[in-house]
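Reproduced below: upload.txt, with compact mmCIF, N, CA and C atoms.
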```txt
# COMPACT_ATOMS: atom_id res chain seq x y z
N MET A 146 17.78 7.20 17.33
CA MET A 146 17.70 7.42 15.90
C MET A 146 18.07 6.16 15.13
N ALA A 147 19.16 5.49 15.55
CA ALA A 147 19.57 4.27 14.88
C ALA A 147 18.52 3.18 15.05
N GLU A 148 17.87 3.13 16.23
CA GLU A 148 16.81 2.15 16.45
C GLU A 148 15.64 2.39 15.51
N ASP A 149 15.29 3.66 15.28
CA ASP A 149 14.21 3.99 14.35
C ASP A 149 14.54 3.52 12.95
N GLN A 150 15.79 3.75 12.51
CA GLN A 150 16.21 3.33 11.18
C GLN A 150 16.21 1.82 11.06
N GLU A 151 16.63 1.13 12.11
CA GLU A 151 16.61 -0.34 12.11
C GLU A 151 15.18 -0.86 12.00
N LYS A 152 14.25 -0.22 12.71
CA LYS A 152 12.86 -0.64 12.64
C LYS A 152 12.31 -0.43 11.24
N VAL A 153 12.58 0.73 10.65
CA VAL A 153 12.13 0.99 9.28
C VAL A 153 12.71 -0.05 8.33
N GLU A 154 14.00 -0.34 8.48
CA GLU A 154 14.65 -1.34 7.61
C GLU A 154 13.97 -2.70 7.75
N GLY A 155 13.70 -3.10 8.97
CA GLY A 155 13.02 -4.37 9.20
C GLY A 155 11.62 -4.38 8.60
N ASP A 156 10.90 -3.26 8.75
CA ASP A 156 9.55 -3.16 8.19
C ASP A 156 9.59 -3.19 6.67
N VAL A 157 10.57 -2.53 6.05
CA VAL A 157 10.70 -2.55 4.59
C VAL A 157 10.92 -3.98 4.12
N GLN A 158 11.78 -4.72 4.80
CA GLN A 158 12.01 -6.11 4.43
C GLN A 158 10.73 -6.93 4.55
N ARG A 159 9.95 -6.68 5.58
CA ARG A 159 8.68 -7.40 5.76
C ARG A 159 7.68 -7.06 4.66
N LEU A 160 7.76 -5.86 4.11
CA LEU A 160 6.85 -5.46 3.03
C LEU A 160 7.26 -6.03 1.68
N THR A 161 8.56 -6.11 1.43
CA THR A 161 9.02 -6.39 0.07
C THR A 161 9.51 -7.81 -0.18
N GLN A 162 9.94 -8.53 0.83
CA GLN A 162 10.57 -9.83 0.59
C GLN A 162 9.59 -10.97 0.34
N PRO A 163 8.59 -11.19 1.16
CA PRO A 163 7.69 -12.32 0.89
C PRO A 163 6.84 -12.08 -0.36
N ASP A 164 6.26 -13.16 -0.87
CA ASP A 164 5.33 -13.04 -1.99
C ASP A 164 3.93 -12.84 -1.43
N TRP A 165 3.58 -11.59 -1.16
CA TRP A 165 2.28 -11.24 -0.59
C TRP A 165 1.16 -11.39 -1.60
N LEU A 166 1.47 -11.45 -2.89
CA LEU A 166 0.42 -11.54 -3.92
C LEU A 166 -0.15 -12.94 -4.07
N GLU A 167 0.44 -13.91 -3.40
CA GLU A 167 -0.09 -15.27 -3.48
C GLU A 167 -1.54 -15.27 -2.97
N GLY A 168 -2.44 -15.75 -3.81
CA GLY A 168 -3.85 -15.79 -3.46
C GLY A 168 -4.60 -14.49 -3.69
N VAL A 169 -3.92 -13.46 -4.20
CA VAL A 169 -4.53 -12.16 -4.48
C VAL A 169 -4.65 -12.01 -5.99
N GLU A 170 -5.83 -11.63 -6.45
CA GLU A 170 -6.03 -11.41 -7.88
C GLU A 170 -5.30 -10.14 -8.29
N SER A 171 -4.31 -10.30 -9.16
CA SER A 171 -3.51 -9.16 -9.61
C SER A 171 -3.01 -9.46 -11.02
N PRO A 172 -3.18 -8.51 -11.95
CA PRO A 172 -2.76 -8.76 -13.33
C PRO A 172 -1.26 -8.95 -13.48
N ASP A 173 -0.49 -8.51 -12.51
CA ASP A 173 0.97 -8.60 -12.60
C ASP A 173 1.56 -9.65 -11.67
N SER A 174 0.72 -10.47 -11.02
CA SER A 174 1.25 -11.40 -10.02
C SER A 174 2.23 -12.39 -10.61
N GLY A 175 2.10 -12.76 -11.87
CA GLY A 175 3.04 -13.67 -12.50
C GLY A 175 4.30 -12.98 -12.99
N ARG A 176 4.33 -11.66 -12.94
CA ARG A 176 5.48 -10.88 -13.40
C ARG A 176 6.18 -10.28 -12.19
N ARG A 177 6.73 -11.13 -11.35
CA ARG A 177 7.25 -10.74 -10.04
C ARG A 177 8.28 -9.61 -10.11
N HIS A 178 8.97 -9.48 -11.21
CA HIS A 178 10.04 -8.48 -11.25
C HIS A 178 9.64 -7.19 -11.95
N SER A 179 8.36 -7.02 -12.27
CA SER A 179 7.96 -5.73 -12.81
C SER A 179 7.79 -4.75 -11.66
N ILE A 180 7.99 -3.49 -11.94
CA ILE A 180 7.84 -2.46 -10.91
C ILE A 180 6.41 -2.47 -10.38
N ARG A 181 5.42 -2.56 -11.29
CA ARG A 181 4.02 -2.58 -10.84
C ARG A 181 3.77 -3.75 -9.89
N SER A 182 4.25 -4.92 -10.25
CA SER A 182 4.04 -6.10 -9.41
C SER A 182 4.73 -5.95 -8.05
N GLU A 183 5.93 -5.43 -8.05
CA GLU A 183 6.66 -5.26 -6.79
C GLU A 183 5.97 -4.25 -5.88
N ILE A 184 5.42 -3.18 -6.46
CA ILE A 184 4.69 -2.21 -5.65
C ILE A 184 3.39 -2.83 -5.12
N SER A 185 2.65 -3.51 -5.99
CA SER A 185 1.43 -4.19 -5.53
C SER A 185 1.76 -5.15 -4.40
N ASN A 186 2.83 -5.91 -4.55
CA ASN A 186 3.24 -6.87 -3.53
C ASN A 186 3.51 -6.16 -2.20
N ALA A 187 4.24 -5.05 -2.23
CA ALA A 187 4.55 -4.33 -1.00
C ALA A 187 3.30 -3.73 -0.35
N MET A 188 2.37 -3.22 -1.16
CA MET A 188 1.16 -2.62 -0.59
C MET A 188 0.23 -3.69 -0.02
N VAL A 189 0.15 -4.85 -0.67
CA VAL A 189 -0.62 -5.96 -0.11
C VAL A 189 0.05 -6.42 1.18
N GLY A 190 1.39 -6.49 1.18
CA GLY A 190 2.12 -6.85 2.39
C GLY A 190 1.86 -5.90 3.53
N LEU A 191 1.77 -4.61 3.21
CA LEU A 191 1.45 -3.60 4.22
C LEU A 191 0.14 -3.95 4.92
N LYS A 192 -0.86 -4.27 4.14
CA LYS A 192 -2.18 -4.58 4.72
C LYS A 192 -2.17 -5.92 5.45
N LYS A 193 -1.59 -6.95 4.81
CA LYS A 193 -1.60 -8.28 5.43
C LYS A 193 -0.75 -8.34 6.69
N GLU A 194 0.47 -7.86 6.60
CA GLU A 194 1.42 -8.00 7.69
C GLU A 194 1.16 -7.05 8.85
N PHE A 195 0.82 -5.81 8.54
CA PHE A 195 0.71 -4.81 9.60
C PHE A 195 -0.74 -4.49 9.98
N TYR A 196 -1.66 -4.76 9.11
CA TYR A 196 -3.05 -4.45 9.40
C TYR A 196 -3.81 -5.68 9.84
N GLY A 197 -3.33 -6.86 9.43
CA GLY A 197 -3.94 -8.09 9.88
C GLY A 197 -4.84 -8.77 8.87
N LYS A 198 -5.19 -8.06 7.80
CA LYS A 198 -6.00 -8.65 6.75
C LYS A 198 -5.68 -7.91 5.46
N GLY A 199 -5.47 -8.68 4.41
CA GLY A 199 -5.10 -8.06 3.14
C GLY A 199 -6.21 -8.08 2.13
N PRO A 200 -5.99 -7.39 1.03
CA PRO A 200 -7.00 -7.31 -0.03
C PRO A 200 -7.10 -8.60 -0.82
N THR A 201 -8.18 -8.71 -1.58
CA THR A 201 -8.38 -9.86 -2.46
C THR A 201 -7.94 -9.54 -3.88
N LYS A 202 -7.82 -8.26 -4.21
CA LYS A 202 -7.38 -7.82 -5.53
C LYS A 202 -6.45 -6.63 -5.35
N ALA A 203 -5.46 -6.52 -6.27
CA ALA A 203 -4.54 -5.38 -6.23
C ALA A 203 -4.03 -5.10 -7.64
N LYS A 204 -3.93 -3.83 -7.95
CA LYS A 204 -3.37 -3.42 -9.24
C LYS A 204 -2.69 -2.07 -9.05
N THR A 205 -1.49 -1.96 -9.63
CA THR A 205 -0.73 -0.71 -9.56
C THR A 205 -0.63 -0.09 -10.94
N PHE A 206 -0.82 1.22 -10.99
CA PHE A 206 -0.74 1.99 -12.22
C PHE A 206 0.44 2.95 -12.10
N LEU A 207 1.18 3.12 -13.19
CA LEU A 207 2.27 4.09 -13.26
C LEU A 207 1.93 5.08 -14.36
N ASN A 208 2.08 6.35 -14.06
CA ASN A 208 1.83 7.40 -15.04
C ASN A 208 2.80 8.54 -14.75
N ASP A 209 3.79 8.69 -15.61
CA ASP A 209 4.83 9.70 -15.41
C ASP A 209 5.45 9.51 -14.03
N ASN A 210 5.31 10.50 -13.16
CA ASN A 210 5.89 10.38 -11.82
C ASN A 210 4.85 10.07 -10.75
N TYR A 211 3.73 9.46 -11.16
CA TYR A 211 2.66 9.10 -10.23
C TYR A 211 2.53 7.58 -10.14
N VAL A 212 2.37 7.10 -8.92
CA VAL A 212 2.12 5.68 -8.66
C VAL A 212 0.79 5.61 -7.92
N PHE A 213 -0.08 4.74 -8.42
CA PHE A 213 -1.43 4.63 -7.89
C PHE A 213 -1.74 3.15 -7.72
N CYS A 214 -1.83 2.67 -6.49
CA CYS A 214 -2.15 1.27 -6.21
C CYS A 214 -3.57 1.19 -5.69
N VAL A 215 -4.38 0.35 -6.34
CA VAL A 215 -5.79 0.16 -5.96
C VAL A 215 -5.95 -1.26 -5.44
N MET A 216 -6.57 -1.38 -4.28
CA MET A 216 -6.81 -2.69 -3.69
C MET A 216 -8.28 -2.84 -3.35
N GLU A 217 -8.80 -4.04 -3.56
CA GLU A 217 -10.19 -4.36 -3.22
C GLU A 217 -10.20 -5.37 -2.09
N GLY A 218 -11.19 -5.23 -1.21
CA GLY A 218 -11.33 -6.16 -0.09
C GLY A 218 -10.34 -5.82 1.01
N GLY A 219 -10.46 -6.54 2.11
CA GLY A 219 -9.48 -6.38 3.17
C GLY A 219 -9.97 -5.69 4.43
N LEU A 220 -11.26 -5.36 4.49
CA LEU A 220 -11.75 -4.79 5.75
C LEU A 220 -11.70 -5.87 6.82
N THR A 221 -11.29 -5.47 8.02
CA THR A 221 -11.32 -6.40 9.13
C THR A 221 -12.76 -6.55 9.60
N ARG A 222 -13.02 -7.59 10.37
CA ARG A 222 -14.38 -7.83 10.86
C ARG A 222 -14.89 -6.65 11.69
N ASN A 223 -14.03 -6.11 12.55
CA ASN A 223 -14.47 -4.98 13.38
C ASN A 223 -14.73 -3.73 12.53
N GLU A 224 -13.94 -3.51 11.48
CA GLU A 224 -14.21 -2.37 10.59
C GLU A 224 -15.55 -2.55 9.89
N GLN A 225 -15.82 -3.76 9.38
CA GLN A 225 -17.09 -4.00 8.70
C GLN A 225 -18.26 -3.80 9.65
N THR A 226 -18.10 -4.22 10.90
CA THR A 226 -19.15 -4.03 11.91
C THR A 226 -19.40 -2.54 12.12
N LEU A 227 -18.34 -1.75 12.23
CA LEU A 227 -18.49 -0.31 12.41
C LEU A 227 -19.17 0.33 11.19
N ILE A 228 -18.78 -0.08 10.00
CA ILE A 228 -19.39 0.46 8.77
C ILE A 228 -20.87 0.11 8.73
N ASP A 229 -21.22 -1.12 9.10
CA ASP A 229 -22.62 -1.54 9.12
C ASP A 229 -23.44 -0.72 10.10
N CYS A 230 -22.77 -0.13 11.11
CA CYS A 230 -23.46 0.71 12.10
C CYS A 230 -23.36 2.20 11.76
N GLY A 231 -22.91 2.50 10.53
CA GLY A 231 -22.85 3.89 10.09
C GLY A 231 -21.61 4.65 10.52
N GLN A 232 -20.56 3.96 10.90
CA GLN A 232 -19.35 4.61 11.40
C GLN A 232 -18.22 4.65 10.37
N GLU A 233 -18.54 4.95 9.13
CA GLU A 233 -17.52 5.01 8.08
C GLU A 233 -16.42 6.02 8.40
N ASP A 234 -16.80 7.18 8.95
CA ASP A 234 -15.80 8.20 9.26
C ASP A 234 -14.79 7.71 10.28
N LEU A 235 -15.24 6.93 11.25
CA LEU A 235 -14.34 6.39 12.27
C LEU A 235 -13.34 5.42 11.63
N VAL A 236 -13.81 4.55 10.76
CA VAL A 236 -12.93 3.60 10.08
C VAL A 236 -11.94 4.35 9.19
N ARG A 237 -12.41 5.35 8.46
CA ARG A 237 -11.52 6.13 7.60
C ARG A 237 -10.46 6.85 8.43
N THR A 238 -10.86 7.46 9.53
CA THR A 238 -9.91 8.16 10.39
C THR A 238 -8.86 7.20 10.94
N TYR A 239 -9.30 6.03 11.37
CA TYR A 239 -8.36 5.03 11.88
C TYR A 239 -7.37 4.62 10.80
N ARG A 240 -7.86 4.39 9.59
CA ARG A 240 -6.98 3.99 8.48
C ARG A 240 -5.97 5.10 8.16
N LEU A 241 -6.39 6.34 8.22
CA LEU A 241 -5.46 7.44 7.95
C LEU A 241 -4.40 7.54 9.03
N ARG A 242 -4.76 7.27 10.28
CA ARG A 242 -3.77 7.25 11.36
C ARG A 242 -2.77 6.11 11.14
N PHE A 243 -3.28 4.98 10.67
CA PHE A 243 -2.42 3.84 10.34
C PHE A 243 -1.43 4.23 9.26
N GLN A 244 -1.89 4.94 8.24
CA GLN A 244 -1.01 5.40 7.17
C GLN A 244 0.10 6.27 7.74
N GLU A 245 -0.25 7.17 8.65
CA GLU A 245 0.77 8.03 9.25
C GLU A 245 1.80 7.21 10.02
N ALA A 246 1.36 6.19 10.74
CA ALA A 246 2.27 5.36 11.52
C ALA A 246 3.20 4.53 10.63
N MET A 247 2.73 4.15 9.45
CA MET A 247 3.49 3.29 8.54
C MET A 247 4.12 4.04 7.37
N GLU A 248 4.09 5.36 7.41
CA GLU A 248 4.58 6.14 6.27
C GLU A 248 6.04 5.87 5.95
N ALA A 249 6.91 5.85 6.95
CA ALA A 249 8.35 5.72 6.67
C ALA A 249 8.68 4.41 5.94
N PRO A 250 8.26 3.23 6.43
CA PRO A 250 8.61 2.02 5.68
C PRO A 250 7.88 1.90 4.35
N THR A 251 6.68 2.43 4.26
CA THR A 251 5.93 2.37 3.01
C THR A 251 6.62 3.19 1.93
N VAL A 252 6.99 4.41 2.27
CA VAL A 252 7.68 5.29 1.33
C VAL A 252 9.05 4.71 0.97
N GLU A 253 9.77 4.21 1.96
CA GLU A 253 11.10 3.63 1.69
C GLU A 253 10.99 2.43 0.75
N ALA A 254 9.98 1.60 0.93
CA ALA A 254 9.80 0.44 0.04
C ALA A 254 9.58 0.89 -1.40
N VAL A 255 8.73 1.90 -1.61
CA VAL A 255 8.46 2.39 -2.96
C VAL A 255 9.70 3.05 -3.55
N GLN A 256 10.45 3.76 -2.74
CA GLN A 256 11.69 4.39 -3.24
C GLN A 256 12.68 3.33 -3.71
N ARG A 257 12.80 2.25 -2.97
CA ARG A 257 13.74 1.18 -3.37
C ARG A 257 13.27 0.48 -4.64
N ILE A 258 11.98 0.24 -4.73
CA ILE A 258 11.44 -0.45 -5.90
C ILE A 258 11.58 0.40 -7.15
N THR A 259 11.30 1.69 -7.04
CA THR A 259 11.29 2.57 -8.22
C THR A 259 12.62 3.24 -8.50
N ASP A 260 13.53 3.25 -7.53
CA ASP A 260 14.78 4.00 -7.63
C ASP A 260 14.50 5.49 -7.84
N ARG A 261 13.45 5.97 -7.19
CA ARG A 261 13.04 7.38 -7.23
C ARG A 261 12.75 7.84 -5.80
N SER A 262 12.83 9.14 -5.57
CA SER A 262 12.41 9.69 -4.28
C SER A 262 10.92 9.93 -4.29
N VAL A 263 10.26 9.58 -3.19
CA VAL A 263 8.84 9.87 -3.03
C VAL A 263 8.74 11.26 -2.42
N ILE A 264 8.06 12.17 -3.13
CA ILE A 264 7.92 13.54 -2.63
C ILE A 264 6.51 13.80 -2.10
N GLY A 265 5.62 12.82 -2.25
CA GLY A 265 4.28 12.92 -1.70
C GLY A 265 3.66 11.55 -1.58
N TYR A 266 2.95 11.31 -0.46
CA TYR A 266 2.30 10.02 -0.24
C TYR A 266 0.96 10.26 0.44
N HIS A 267 -0.05 9.55 -0.03
CA HIS A 267 -1.37 9.64 0.58
C HIS A 267 -2.07 8.29 0.46
N SER A 268 -2.88 7.99 1.44
CA SER A 268 -3.66 6.76 1.45
C SER A 268 -5.12 7.15 1.65
N GLN A 269 -6.02 6.40 1.02
CA GLN A 269 -7.44 6.71 1.16
C GLN A 269 -8.23 5.42 1.03
N ILE A 270 -9.44 5.43 1.56
CA ILE A 270 -10.33 4.28 1.45
C ILE A 270 -11.75 4.78 1.19
N VAL A 271 -12.46 4.04 0.35
CA VAL A 271 -13.88 4.28 0.12
C VAL A 271 -14.59 2.95 0.39
N PHE A 272 -15.88 3.00 0.67
CA PHE A 272 -16.57 1.80 1.12
C PHE A 272 -17.65 1.26 0.18
N HIS A 273 -18.11 2.05 -0.76
CA HIS A 273 -19.20 1.62 -1.65
C HIS A 273 -18.86 1.94 -3.10
N PRO A 274 -18.09 1.15 -3.81
CA PRO A 274 -17.55 -0.16 -3.44
C PRO A 274 -16.29 0.01 -2.61
N GLU A 275 -15.93 -1.06 -1.91
CA GLU A 275 -14.77 -1.04 -1.03
C GLU A 275 -13.48 -1.03 -1.83
N ARG A 276 -12.71 0.05 -1.68
CA ARG A 276 -11.42 0.19 -2.35
C ARG A 276 -10.47 0.95 -1.43
N ALA A 277 -9.21 0.51 -1.43
CA ALA A 277 -8.15 1.23 -0.72
C ALA A 277 -7.18 1.73 -1.78
N PHE A 278 -6.67 2.93 -1.59
CA PHE A 278 -5.77 3.56 -2.56
C PHE A 278 -4.49 3.99 -1.86
N GLU A 279 -3.36 3.66 -2.46
CA GLU A 279 -2.07 4.15 -2.01
C GLU A 279 -1.51 4.97 -3.16
N ILE A 280 -1.24 6.25 -2.92
CA ILE A 280 -0.87 7.18 -3.97
C ILE A 280 0.50 7.78 -3.63
N PHE A 281 1.40 7.72 -4.61
CA PHE A 281 2.75 8.25 -4.42
C PHE A 281 3.08 9.21 -5.56
N VAL A 282 3.74 10.30 -5.23
CA VAL A 282 4.28 11.23 -6.23
C VAL A 282 5.80 11.09 -6.14
N LEU A 283 6.41 10.76 -7.28
CA LEU A 283 7.85 10.58 -7.34
C LEU A 283 8.54 11.84 -7.82
N ASP A 284 9.83 11.93 -7.57
CA ASP A 284 10.58 13.13 -7.96
C ASP A 284 10.82 13.23 -9.46
N ARG A 285 10.67 12.11 -10.18
CA ARG A 285 10.82 12.15 -11.64
C ARG A 285 10.07 10.96 -12.23
N PRO A 286 9.75 11.03 -13.51
CA PRO A 286 8.96 9.98 -14.15
C PRO A 286 9.63 8.61 -14.10
N ILE A 287 8.79 7.61 -14.27
CA ILE A 287 9.25 6.23 -14.27
C ILE A 287 8.49 5.44 -15.32
N GLU A 288 9.14 4.45 -15.87
CA GLU A 288 8.49 3.53 -16.79
C GLU A 288 8.70 2.13 -16.28
N ASP A 289 7.68 1.31 -16.37
CA ASP A 289 7.79 -0.08 -15.95
C ASP A 289 8.32 -0.90 -17.12
N THR A 290 9.50 -1.45 -16.95
CA THR A 290 10.11 -2.20 -18.05
C THR A 290 9.95 -3.71 -17.87
N GLY A 291 9.35 -4.13 -16.73
CA GLY A 291 9.23 -5.56 -16.45
C GLY A 291 8.01 -6.18 -17.05
```
Just give me the structure as structure tokens.
Amino acid sequence: MAEDQEKVEGDVQRLTQPDWLEGVESPDSGRRHSIRSEISNAMVGLKKEFYGKGPTKAKTFLNDNYVFCVMEGGLTRNEQTLIDCGQEDLVRTYRLRFQEAMEAPTVEAVQRITDRSVIGYHSQIVFHPERAFEIFVLDRPIEDTG
């Protein structure tokens, strides 16, 4: 159990500490200490660090107790090859399994950034146009003051 918590802690640090938004088009990239920017940074880090390729654009929206991060780009070469062969469902299923494997550090990162509990988390991807979505439901509303 302690090893699992240590791994989550290490993964959270890998998501939140580096500046993952460098080279990514994001309206908040210059506002490093805004909640939106910090969430975008962590979600881009999730894709870059753990998936192997990150998005080219990222934007996070806050609305009451909902967090919605939209990312463009970031398909790996093998995913694009599968999509070109009509295997979108396989790529989507793989991405959803990835979300399940990374749920604990992803949720913990958002909880630390927002100072709220995450009571629901879902990830989704669409291909035409290519967009990845990370969706969080918080236990109470939040406002971005940064």
I need the residues of chain A that end up classed as strand (DSSP E) by DSSP on the backbone, written out as a VMD selection string. chain A and resid 202 to 208 211 to 217 263 to 272 275 to 283
Please return, as a list of chain:residue names, all residues of region 153-222 of chain A that DSSP assigns to alpha helix (DSSP H) on the basis of the backbone.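 Those residues are A:Val153, A:Glu154, A:Gly155, A:Asp156, A:Val157, A:Gln158, A:Arg159, A:Leu160, A:Thr161, A:Ile180, A:Arg181, A:Ser182, A:Glu183, A:Ile184, A:Ser185, A:Asn186, A:Ala187, A:Met188, A:Val189, A:Gly190, A:Arg222.
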Proximity to Gln244 (chain A) - best of A:Gly218, A:Thr201, A:Ile270, A:Pro172, only C-alpha atoms: A:Ile270
From the options A:Lys204, A:Gln225, A:Leu283, A:Glu217, which residue's atoms come nearest to Arg257 (chain A), counting only C-alpha atoms?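 Using only C-alpha atoms, the shortest distance to Arg257 (chain A) belongs to A:Leu283.
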Answer as a ChimeraX atom specification, residues within 10 Å of (10.5, -3.9, 6.6) using only C-alpha atoms: /A:151-162,187,190-191,249-251,253-254
Given all atoms listed in the file as the basis, pick out the residue of A:Val236, A:Val252, A:Ser262, A:Asn208 nearest to Ile287 (chain A).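 Of A:Val236, A:Val252, A:Ser262, A:Asn208, the one nearest Ile287 (chain A), counting all atoms listed in the file, is A:Asn208.
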May I have the protein, DNA and RNA residues with any atom at most 8 Å from the point (2.0, 12.1, -10.1), counting all atoms listed in the file, written as JSON, numbers by chain? {"A": [208, 209, 210, 211, 212, 213, 280, 281, 282, 283]}
At what distance in Å, to one decimal, does atom C of Phe206 (chain A) lie from atom C of Glu167 (chain A)?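 Result for atom C of Glu167 (chain A) versus atom C of Phe206 (chain A): 20.5 Å, one decimal.
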Report, in Å to a single decimal, how far apart CA of Thr205 (chain A) and CA of Val189 (chain A) are.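 Result for CA of Val189 (chain A) versus CA of Thr205 (chain A): 10.8 Å, one decimal.
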